[in-house]
Amino acid sequence: MIPVVIIGGGASGLMLASLLPPKSAIVIESNPKVGAKLLVSGGGRCNVTNEIVSSDNYLGDKDFISNVLRHFDQNALLSWCEVRGLSLISQKNHQYFCPNSAKEIVFILTKESNKQTVLLNEKVLNINHGQDGFLVQTNKQKIKAKFVVVASGGLSYPILGASDIGYKLAQNANHSISKLSPALVGFTLQKEQFFMKELSGSSVNNIEIKVGTKICKGDLLFTHKGISGPSVLDASLYWEKGSISIDFLPNFRWKSISGSKKNISTLLPLPKRVTKSLLEHLDIPDKPFSALSKADQDKLNILNNYSLAPAGTFGYSKAEVTRGGVITNEIDPYTMMSNKVDNLYFAGEVLDVTGELGGYNLQWAFSSAFVCAKALKPKIK
Ligand SMILES: Cc1cc2nc3c(=O)[nH]c(=O)nc-3n(C[C@H](O)[C@H](O)[C@H](O)COP(=O)(O)OP(=O)(O)OC[C@H]3O[C@@H](n4cnc5c(N)ncnc54)[C@H](O)[C@@H]3O)c2cc1C
């Protein structure tokens, strides 16, 4: 009997495999190669972590999250990479990326996890737990294991191998799953905002989106499907239903243009095409500020608080992550073991922990894998 079966050869599964003693685990991956999602992450350069990481960057149980993160924080992850010859580079918004390509971190994780058996093109279908361990049923064989770690990720990007197996296995083990939905994803629009689709390809920088009590800052991109870009992706994490409010001009002082003879579309620090379209939508003539009626001058304030109710999101095919997952009060934060079934563990995105944009989801995948490895190591003889 193999000590550990790891379901999923993604971020958390590979990190776990690399931390366990050689030949103590089998990684089962349904894709023809490991780390498929890592390779496309961060626009192909993989935003591995962030300079500033705390439970505030996540949706989920704050105590549980803090407990896991502190065992393997961003500095420990940076050192882990550094020791293996990968110096991550800090870029905008404190994000750490691979210097050239996501291949660099996948290369390290693949090399490190090769001390284990890695089965590719093999899909886990079910697990049965009995008194003397687990029987893992794949589409090719049955494998006996003493410990099973579910590291099969969420539902986003099914084209890269995402499946619901983790949630199914958790439910079979009597775990509860919180509501699942696509997150870090663009918004589709209601008819009232269809004019934005005409702006496809344009972007506005440094806007702010208010969603509930959260303010999500960053760029906004207009696309043929709706709106996207970093600020929108973060807003989608906190959006349930109803309206969001966009401040297109968070740092702009209207007084600065009150005396100008130039048209508003020339003066506002937004792409001219975008300003003209917004003015048309709000039925405000493109004139010098002083030539506008008082009512139109007041109406311009809407650009600081533009209310929009998204029709929905672009869905799992475009979402970076799945919000929700295996409820964490049924998982031990010191070991990642299930409180329902002994020797069954969970790591990564399958859990009800979802991070903001900025490297937080990979940090979570790696930290939770580390905690799991720390707990398993003394149990493996
Ligand atoms: C386009 C994109 C860009 C992203 N960019 C970033 C980024 O820059 N920074 C960041 O922090 N996060 C990013 N994320 C999110 C991040 O990649 C995930 O949160 C992270 O990979 C989750 O790790 P995981 O190990 O839980 O799951 P995954 O990495 O998804 O790994 C799960 C693995 O399990 C396999 N699997 C599924 N079902 C089965 C089965 N039945 N049998 C066998 N194997 C199975 C899958 O094929 C997959 O390889 C991005 C996501 C996407 C989609």
# chains A, B, ... in the order shown; residues from 1 in each chain; ligands from 1
>>> select_by_dssp(residues="segment 302-381 of chain A", states="strand (DSSP E or B)", output="list in words")
Tyr306, Ser307, Leu308, Gly312, Thr313, Val321, Thr322, Arg323, Val326, Ile331, Met337, Ser338, Leu344, Tyr345, Phe346, Leu351, Thr354 and Gly355 of chain A
>>> write_last_selection(atoms="N, CA, C and O atoms", output="PDB file, in the first residue's frame")
ATOM      1  N   TYR A 306     -20.997  55.824 -10.430  1.00  0.00           N
ATOM      2  CA  TYR A 306     -21.844  55.277 -11.498  1.00  0.00           C
ATOM      3  C   TYR A 306     -22.373  53.908 -11.072  1.00  0.00           C
ATOM      4  O   TYR A 306     -21.616  52.944 -10.907  1.00  0.00           O
ATOM      5  N   SER A 307     -23.669  53.832 -10.891  1.00  0.00           N
ATOM      6  CA  SER A 307     -24.265  52.592 -10.385  1.00  0.00           C
ATOM      7  C   SER A 307     -24.624  51.651 -11.532  1.00  0.00           C
ATOM      8  O   SER A 307     -25.203  52.073 -12.540  1.00  0.00           O
ATOM      9  N   LEU A 308     -24.257  50.419 -11.352  1.00  0.00           N
ATOM     10  CA  LEU A 308     -24.443  49.427 -12.422  1.00  0.00           C
ATOM     11  C   LEU A 308     -24.784  48.080 -11.774  1.00  0.00           C
ATOM     12  O   LEU A 308     -24.107  47.663 -10.832  1.00  0.00           O
ATOM     13  N   GLY A 312     -24.595  39.359 -14.778  1.00  0.00           N
ATOM     14  CA  GLY A 312     -23.997  38.110 -14.262  1.00  0.00           C
ATOM     15  C   GLY A 312     -22.496  38.188 -14.470  1.00  0.00           C
ATOM     16  O   GLY A 312     -21.940  39.281 -14.552  1.00  0.00           O
ATOM     17  N   THR A 313     -21.866  37.042 -14.566  1.00  0.00           N
ATOM     18  CA  THR A 313     -20.413  37.015 -14.803  1.00  0.00           C
ATOM     19  C   THR A 313     -20.122  36.250 -16.101  1.00  0.00           C
ATOM     20  O   THR A 313     -21.018  35.636 -16.674  1.00  0.00           O
ATOM     21  N   VAL A 321     -10.951  31.730 -10.455  1.00  0.00           N
ATOM     22  CA  VAL A 321     -11.155  30.854  -9.292  1.00  0.00           C
ATOM     23  C   VAL A 321     -12.639  30.550  -9.055  1.00  0.00           C
ATOM     24  O   VAL A 321     -13.511  31.177  -9.636  1.00  0.00           O
ATOM     25  N   THR A 322     -12.860  29.600  -8.153  1.00  0.00           N
ATOM     26  CA  THR A 322     -14.203  29.280  -7.690  1.00  0.00           C
ATOM     27  C   THR A 322     -14.361  29.820  -6.277  1.00  0.00           C
ATOM     28  O   THR A 322     -13.548  29.509  -5.402  1.00  0.00           O
ATOM     29  N   ARG A 323     -15.369  30.642  -6.091  1.00  0.00           N
ATOM     30  CA  ARG A 323     -15.655  31.122  -4.731  1.00  0.00           C
ATOM     31  C   ARG A 323     -16.451  30.038  -4.006  1.00  0.00           C
ATOM     32  O   ARG A 323     -17.374  29.469  -4.576  1.00  0.00           O
ATOM     33  N   VAL A 326     -15.258  23.469   0.273  1.00  0.00           N
ATOM     34  CA  VAL A 326     -15.427  22.621   1.459  1.00  0.00           C
ATOM     35  C   VAL A 326     -15.339  23.520   2.698  1.00  0.00           C
ATOM     36  O   VAL A 326     -14.342  24.229   2.897  1.00  0.00           O
ATOM     37  N   ILE A 331     -12.494  21.133   8.951  1.00  0.00           N
ATOM     38  CA  ILE A 331     -11.099  20.780   8.613  1.00  0.00           C
ATOM     39  C   ILE A 331     -10.205  21.299   9.740  1.00  0.00           C
ATOM     40  O   ILE A 331     -10.401  22.415  10.232  1.00  0.00           O
ATOM     41  N   MET A 337      -6.520  18.010   7.928  1.00  0.00           N
ATOM     42  CA  MET A 337      -7.260  16.745   7.897  1.00  0.00           C
ATOM     43  C   MET A 337      -8.750  16.984   8.153  1.00  0.00           C
ATOM     44  O   MET A 337      -9.138  17.883   8.906  1.00  0.00           O
ATOM     45  N   SER A 338      -9.543  16.154   7.514  1.00  0.00           N
ATOM     46  CA  SER A 338     -10.989  16.179   7.693  1.00  0.00           C
ATOM     47  C   SER A 338     -11.341  15.832   9.136  1.00  0.00           C
ATOM     48  O   SER A 338     -10.722  14.956   9.740  1.00  0.00           O
ATOM     49  N   LEU A 344      -8.099  11.637   5.735  1.00  0.00           N
ATOM     50  CA  LEU A 344      -8.508  12.305   4.497  1.00  0.00           C
ATOM     51  C   LEU A 344      -8.179  13.792   4.660  1.00  0.00           C
ATOM     52  O   LEU A 344      -8.566  14.412   5.660  1.00  0.00           O
ATOM     53  N   TYR A 345      -7.450  14.341   3.684  1.00  0.00           N
ATOM     54  CA  TYR A 345      -6.966  15.727   3.782  1.00  0.00           C
ATOM     55  C   TYR A 345      -7.434  16.551   2.585  1.00  0.00           C
ATOM     56  O   TYR A 345      -7.720  15.999   1.520  1.00  0.00           O
ATOM     57  N   PHE A 346      -7.474  17.862   2.758  1.00  0.00           N
ATOM     58  CA  PHE A 346      -7.831  18.774   1.668  1.00  0.00           C
ATOM     59  C   PHE A 346      -6.800  19.895   1.601  1.00  0.00           C
ATOM     60  O   PHE A 346      -6.345  20.390   2.638  1.00  0.00           O
ATOM     61  N   LEU A 351     -11.088  24.132  -1.018  1.00  0.00           N
ATOM     62  CA  LEU A 351     -11.607  24.593   0.283  1.00  0.00           C
ATOM     63  C   LEU A 351     -12.355  25.922   0.136  1.00  0.00           C
ATOM     64  O   LEU A 351     -12.181  26.643  -0.859  1.00  0.00           O
ATOM     65  N   THR A 354     -11.096  31.813  -0.690  1.00  0.00           N
ATOM     66  CA  THR A 354     -10.874  32.385  -2.024  1.00  0.00           C
ATOM     67  C   THR A 354     -10.174  33.727  -1.882  1.00  0.00           C
ATOM     68  O   THR A 354     -10.643  34.598  -1.154  1.00  0.00           O
ATOM     69  N   GLY A 355      -9.070  33.871  -2.582  1.00  0.00           N
ATOM     70  CA  GLY A 355      -8.259  35.076  -2.462  1.00  0.00           C
ATOM     71  C   GLY A 355      -8.563  36.118  -3.524  1.00  0.00           C
ATOM     72  O   GLY A 355      -9.146  35.818  -4.574  1.00  0.00           O
TER      73      GLY A 355
END
>>> residues_around(residues="Lys299 of chain A", least_positions_apart="6", cutoff="10 Å", atoms="only C-alpha atoms", output="MDAnalysis selection string")
chainID A and resid 279 282:284 293
>>> residues_near_ligand(ligand="ligand 1", cutoff="7 Å", atoms="only C-alpha atoms and all ligand atoms", output="mmCIF file with N, CA and C atoms, in the first residue's frame")
data_model
loop_
_atom_site.group_PDB
_atom_site.id
_atom_site.type_symbol
_atom_site.label_atom_id
_atom_site.label_comp_id
_atom_site.auth_asym_id
_atom_site.auth_seq_id
_atom_site.Cartn_x
_atom_site.Cartn_y
_atom_site.Cartn_z
ATOM 1 N N ILE A 7 -4.666 13.703 -5.027
ATOM 2 C CA ILE A 7 -5.563 13.844 -6.187
ATOM 3 C C ILE A 7 -5.381 15.242 -6.767
ATOM 4 N N GLY A 8 -4.727 15.331 -7.919
ATOM 5 C CA GLY A 8 -4.509 16.598 -8.594
ATOM 6 C C GLY A 8 -3.040 16.992 -8.622
ATOM 7 N N GLY A 9 -2.532 17.223 -9.805
ATOM 8 C CA GLY A 9 -1.143 17.663 -9.973
ATOM 9 C C GLY A 9 -1.105 19.131 -10.361
ATOM 10 N N GLY A 10 -1.788 19.940 -9.536
ATOM 11 C CA GLY A 10 -1.757 21.394 -9.725
ATOM 12 C C GLY A 10 -0.868 22.023 -8.673
ATOM 13 N N ALA A 11 -1.114 23.294 -8.358
ATOM 14 C CA ALA A 11 -0.239 24.029 -7.442
ATOM 15 C C ALA A 11 -0.102 23.322 -6.095
ATOM 16 N N SER A 12 -1.216 23.017 -5.443
ATOM 17 C CA SER A 12 -1.127 22.443 -4.093
ATOM 18 C C SER A 12 -0.621 21.004 -4.137
ATOM 19 N N GLY A 13 -1.081 20.220 -5.112
ATOM 20 C CA GLY A 13 -0.676 18.813 -5.210
ATOM 21 C C GLY A 13 0.821 18.681 -5.453
ATOM 22 N N ILE A 28 -2.022 11.806 -8.780
ATOM 23 C CA ILE A 28 -2.867 11.399 -9.915
ATOM 24 C C ILE A 28 -3.416 12.656 -10.580
ATOM 25 N N GLU A 29 -3.102 12.815 -11.851
ATOM 26 C CA GLU A 29 -3.485 14.028 -12.589
ATOM 27 C C GLU A 29 -4.229 13.614 -13.878
ATOM 28 N N SER A 30 -5.384 14.213 -14.081
ATOM 29 C CA SER A 30 -6.180 13.830 -15.257
ATOM 30 C C SER A 30 -5.642 14.429 -16.562
ATOM 31 N N ASN A 31 -4.874 15.499 -16.462
ATOM 32 C CA ASN A 31 -4.311 16.108 -17.671
ATOM 33 C C ASN A 31 -3.101 15.328 -18.166
ATOM 34 N N VAL A 34 1.359 18.045 -15.748
ATOM 35 C CA VAL A 34 1.022 18.677 -14.462
ATOM 36 C C VAL A 34 1.066 20.206 -14.604
ATOM 37 N N GLY A 35 0.452 20.879 -13.638
ATOM 38 C CA GLY A 35 0.583 22.346 -13.538
ATOM 39 C C GLY A 35 -0.008 23.136 -14.681
ATOM 40 N N ALA A 36 -1.046 22.606 -15.331
ATOM 41 C CA ALA A 36 -1.602 23.288 -16.514
ATOM 42 C C ALA A 36 -2.102 24.700 -16.178
ATOM 43 N N LYS A 37 -2.746 24.832 -15.028
ATOM 44 C CA LYS A 37 -3.294 26.146 -14.665
ATOM 45 C C LYS A 37 -2.170 27.116 -14.288
ATOM 46 N N LEU A 38 -1.162 26.574 -13.631
ATOM 47 C CA LEU A 38 -0.017 27.425 -13.265
ATOM 48 C C LEU A 38 0.619 28.044 -14.507
ATOM 49 N N VAL A 40 -0.683 29.031 -17.235
ATOM 50 C CA VAL A 40 -1.394 30.179 -17.841
ATOM 51 C C VAL A 40 -1.622 31.295 -16.828
ATOM 52 N N SER A 41 -1.242 31.048 -15.579
ATOM 53 C CA SER A 41 -1.572 32.028 -14.539
ATOM 54 C C SER A 41 -0.726 33.292 -14.698
ATOM 55 N N GLY A 42 -1.286 34.371 -14.160
ATOM 56 C CA GLY A 42 -0.583 35.652 -14.195
ATOM 57 C C GLY A 42 -0.177 36.050 -15.601
ATOM 58 N N GLY A 43 -1.050 35.787 -16.560
ATOM 59 C CA GLY A 43 -0.762 36.153 -17.947
ATOM 60 C C GLY A 43 0.449 35.415 -18.495
ATOM 61 N N CYS A 46 2.844 33.914 -14.078
ATOM 62 C CA CYS A 46 2.504 33.386 -12.768
ATOM 63 C C CYS A 46 2.770 34.369 -11.623
ATOM 64 N N ASN A 47 1.714 34.936 -11.136
ATOM 65 C CA ASN A 47 1.813 35.819 -9.965
ATOM 66 C C ASN A 47 1.769 34.907 -8.734
ATOM 67 N N VAL A 48 2.965 34.525 -8.278
ATOM 68 C CA VAL A 48 3.099 33.451 -7.286
ATOM 69 C C VAL A 48 2.612 33.870 -5.899
ATOM 70 N N THR A 49 2.930 35.107 -5.501
ATOM 71 C CA THR A 49 2.487 35.574 -4.185
ATOM 72 C C THR A 49 2.518 37.098 -4.152
ATOM 73 N N GLU A 122 -4.810 10.264 -15.983
ATOM 74 C CA GLU A 122 -5.560 9.324 -15.146
ATOM 75 C C GLU A 122 -6.507 10.117 -14.251
ATOM 76 N N LYS A 123 -7.760 9.713 -14.303
ATOM 77 C CA LYS A 123 -8.794 10.504 -13.637
ATOM 78 C C LYS A 123 -9.310 9.775 -12.403
ATOM 79 N N VAL A 124 -9.327 10.459 -11.278
ATOM 80 C CA VAL A 124 -9.918 9.859 -10.076
ATOM 81 C C VAL A 124 -11.437 9.948 -10.191
ATOM 82 N N LEU A 125 -12.081 8.810 -9.952
ATOM 83 C CA LEU A 125 -13.543 8.766 -10.062
ATOM 84 C C LEU A 125 -14.205 8.722 -8.699
ATOM 85 N N ALA A 151 -6.557 17.501 -3.682
ATOM 86 C CA ALA A 151 -5.916 18.759 -4.116
ATOM 87 C C ALA A 151 -6.359 19.025 -5.561
ATOM 88 N N SER A 152 -7.650 18.798 -5.791
ATOM 89 C CA SER A 152 -8.155 18.790 -7.179
ATOM 90 C C SER A 152 -8.705 20.130 -7.635
ATOM 91 N N GLY A 153 -8.531 21.194 -6.826
ATOM 92 C CA GLY A 153 -8.878 22.534 -7.276
ATOM 93 C C GLY A 153 -10.369 22.796 -7.380
ATOM 94 N N GLY A 154 -10.694 23.889 -8.089
ATOM 95 C CA GLY A 154 -12.092 24.312 -8.220
ATOM 96 C C GLY A 154 -12.642 24.036 -9.604
ATOM 97 N N SER A 156 -13.159 26.391 -12.070
ATOM 98 C CA SER A 156 -12.869 27.339 -13.141
ATOM 99 C C SER A 156 -11.873 26.764 -14.150
ATOM 100 N N TYR A 157 -12.053 27.200 -15.391
ATOM 101 C CA TYR A 157 -11.238 26.742 -16.509
ATOM 102 C C TYR A 157 -11.314 25.220 -16.718
ATOM 103 N N LEU A 160 -8.781 23.364 -18.709
ATOM 104 C CA LEU A 160 -7.465 23.007 -18.157
ATOM 105 C C LEU A 160 -7.579 21.866 -17.140
ATOM 106 N N GLY A 161 -8.687 21.154 -17.162
ATOM 107 C CA GLY A 161 -8.800 19.950 -16.326
ATOM 108 C C GLY A 161 -9.650 20.099 -15.081
ATOM 109 N N ALA A 162 -10.200 21.306 -14.859
ATOM 110 C CA ALA A 162 -10.995 21.494 -13.625
ATOM 111 C C ALA A 162 -12.186 20.546 -13.607
ATOM 112 N N SER A 163 -12.471 20.004 -12.429
ATOM 113 C CA SER A 163 -13.620 19.109 -12.292
ATOM 114 C C SER A 163 -14.228 19.279 -10.902
ATOM 115 N N ASP A 164 -15.396 18.694 -10.723
ATOM 116 C CA ASP A 164 -16.087 18.808 -9.428
ATOM 117 C C ASP A 164 -15.753 17.641 -8.497
ATOM 118 N N ILE A 165 -14.709 16.866 -8.847
ATOM 119 C CA ILE A 165 -14.437 15.650 -8.070
ATOM 120 C C ILE A 165 -14.170 15.957 -6.589
ATOM 121 N N ALA A 319 -13.411 32.382 -15.412
ATOM 122 C CA ALA A 319 -13.120 32.766 -14.018
ATOM 123 C C ALA A 319 -11.768 32.207 -13.584
ATOM 124 N N GLU A 320 -11.004 33.022 -12.858
ATOM 125 C CA GLU A 320 -9.707 32.522 -12.366
ATOM 126 C C GLU A 320 -9.895 31.554 -11.211
ATOM 127 N N VAL A 321 -10.951 31.730 -10.455
ATOM 128 C CA VAL A 321 -11.155 30.854 -9.292
ATOM 129 C C VAL A 321 -12.639 30.550 -9.055
ATOM 130 N N ALA A 347 -6.467 20.303 0.387
ATOM 131 C CA ALA A 347 -5.547 21.442 0.223
ATOM 132 C C ALA A 347 -5.947 22.236 -1.010
ATOM 133 N N GLY A 348 -5.682 23.539 -0.971
ATOM 134 C CA GLY A 348 -5.874 24.385 -2.153
ATOM 135 C C GLY A 348 -7.276 24.935 -2.325
ATOM 136 N N GLU A 349 -7.606 25.171 -3.573
ATOM 137 C CA GLU A 349 -8.829 25.905 -3.927
ATOM 138 C C GLU A 349 -10.117 25.142 -3.637
ATOM 139 N N VAL A 350 -10.034 23.853 -3.462
ATOM 140 C CA VAL A 350 -11.238 23.056 -3.183
ATOM 141 C C VAL A 350 -11.887 23.492 -1.861
ATOM 142 N N LEU A 357 -7.271 39.059 -6.295
ATOM 143 C CA LEU A 357 -6.272 39.051 -7.355
ATOM 144 C C LEU A 357 -4.944 39.530 -6.760
ATOM 145 N N GLY A 358 -3.838 38.936 -7.155
ATOM 146 C CA GLY A 358 -2.558 39.452 -6.643
ATOM 147 C C GLY A 358 -1.635 38.373 -6.116
ATOM 148 N N GLY A 359 -1.894 37.118 -6.436
ATOM 149 C CA GLY A 359 -1.024 36.032 -5.995
ATOM 150 C C GLY A 359 -1.534 35.325 -4.748
ATOM 151 N N TYR A 360 -2.687 35.743 -4.267
ATOM 152 C CA TYR A 360 -3.202 35.197 -3.001
ATOM 153 C C TYR A 360 -3.703 33.758 -3.130
ATOM 154 N N ASN A 361 -4.213 33.392 -4.290
ATOM 155 C CA ASN A 361 -4.751 32.032 -4.423
ATOM 156 C C ASN A 361 -3.642 30.996 -4.511
ATOM 157 N N LEU A 362 -2.542 31.372 -5.178
ATOM 158 C CA LEU A 362 -1.423 30.423 -5.216
ATOM 159 C C LEU A 362 -0.742 30.341 -3.857
ATOM 160 N N GLN A 363 -0.635 31.496 -3.185
ATOM 161 C CA GLN A 363 -0.067 31.461 -1.833
ATOM 162 C C GLN A 363 -0.889 30.510 -0.963
ATOM 163 N N ALA A 365 -2.733 27.962 -1.973
ATOM 164 C CA ALA A 365 -2.507 26.576 -2.428
ATOM 165 C C ALA A 365 -1.207 26.045 -1.819
#
>>> select_by_dssp(residues="segment 78-123 of chain A", states="alpha helix (DSSP H)", output="ChimeraX atom specification")
/A:78-83,103-113
>>> write_last_selection(atoms="C-alpha atoms", output="PDB file, in the first residue's frame")
ATOM      1  CA  LEU A  78       9.969  33.280  -1.660  1.00  0.00           C
ATOM      2  CA  SER A  79      12.855  31.536   0.137  1.00  0.00           C
ATOM      3  CA  TRP A  80      11.645  28.126  -1.036  1.00  0.00           C
ATOM      4  CA  CYS A  81      11.823  29.380  -4.619  1.00  0.00           C
ATOM      5  CA  GLU A  82      15.113  31.233  -4.074  1.00  0.00           C
ATOM      6  CA  VAL A  83      16.867  28.126  -2.710  1.00  0.00           C
ATOM      7  CA  LYS A 103       7.368  27.644 -16.831  1.00  0.00           C
ATOM      8  CA  GLU A 104      10.066  28.554 -14.301  1.00  0.00           C
ATOM      9  CA  ILE A 105       7.956  27.682 -11.247  1.00  0.00           C
ATOM     10  CA  VAL A 106       6.348  24.694 -12.962  1.00  0.00           C
ATOM     11  CA  PHE A 107       9.844  23.417 -13.784  1.00  0.00           C
ATOM     12  CA  ILE A 108      10.871  23.549 -10.117  1.00  0.00           C
ATOM     13  CA  LEU A 109       7.659  21.969  -8.849  1.00  0.00           C
ATOM     14  CA  THR A 110       7.838  19.221 -11.485  1.00  0.00           C
ATOM     15  CA  LYS A 111      11.484  18.493 -10.700  1.00  0.00           C
ATOM     16  CA  GLU A 112      10.830  18.395  -6.954  1.00  0.00           C
ATOM     17  CA  SER A 113       7.722  16.241  -7.209  1.00  0.00           C
TER      18      SER A 113
END
>>> residues_around(residues="Cys98 of chain A", least_positions_apart="2", cutoff="7 Å", atoms="only C-alpha atoms", output="PyMOL selection string")
chain A and resi 45-46+88-89+100-102+104
>>> write_last_selection(atoms="C-alpha atoms", output="short mmCIF file (atom, residue, chain, number, x, y, z; two decimals), in the first residue's frame")
data_model
loop_
_atom_site.label_atom_id
_atom_site.label_comp_id
_atom_site.auth_asym_id
_atom_site.auth_seq_id
_atom_site.Cartn_x
_atom_site.Cartn_y
_atom_site.Cartn_z
CA ARG A 45 4.24 34.76 -15.84
CA CYS A 46 2.50 33.39 -12.77
CA LEU A 88 10.68 36.03 -7.98
CA ILE A 89 10.32 39.64 -9.06
CA ASN A 100 10.36 35.35 -17.45
CA SER A 101 7.67 32.72 -17.57
CA ALA A 102 5.38 30.57 -15.44
CA GLU A 104 10.07 28.55 -14.30
#
>>> atom_distance(atom1="atom CA of Gln91 of chain A", atom2="atom CA of Val204 of chain A")
19.8 Å
>>> residues_around(residues="segment 250-252 of chain A", least_positions_apart="2", cutoff="9 Å", atoms="only C-alpha atoms", output="number ranges by chain")
A: 206-208, 247-248, 254-256, 268-269, 304
>>> residues_around(residues="segment 315-317 of chain A", least_positions_apart="6", cutoff="8 Å", atoms="only C-alpha atoms", output="compact mmCIF listing (two decimals) with C-alpha atoms, in the first residue's frame")
# COMPACT_ATOMS: atom_id res chain seq x y z
CA LEU A 155 -14.41 24.50 -11.19
CA SER A 156 -12.87 27.34 -13.14
CA TYR A 157 -11.24 26.74 -16.51
CA PRO A 158 -12.61 23.25 -17.23
CA ILE A 159 -10.53 23.36 -20.41
CA SER A 181 -19.71 30.55 -7.95
CA PRO A 182 -17.21 31.86 -10.49
CA VAL A 185 -14.10 37.11 -13.51
>>> closest_residue(among="A:Met196, A:Val341, A:Leu221, A:Val371", to="Ile127 of chain A", atoms="only C-alpha atoms")
A:Val341
>>> atom_distance(atom1="atom CA of Leu14 of chain A", atom2="atom CA of Leu120 of chain A")
12.8 Å
>>> residues_around(residues="Lys197 of chain A", least_positions_apart="6", cutoff="6 Å", atoms="only C-alpha atoms", output="list of chain:residue names")
A:Thr223, A:His224, A:Gly226
>>> atom_distance(atom1="atom CA of Asp219 of chain A", atom2="atom CA of Ala183 of chain A")
17.0 Å
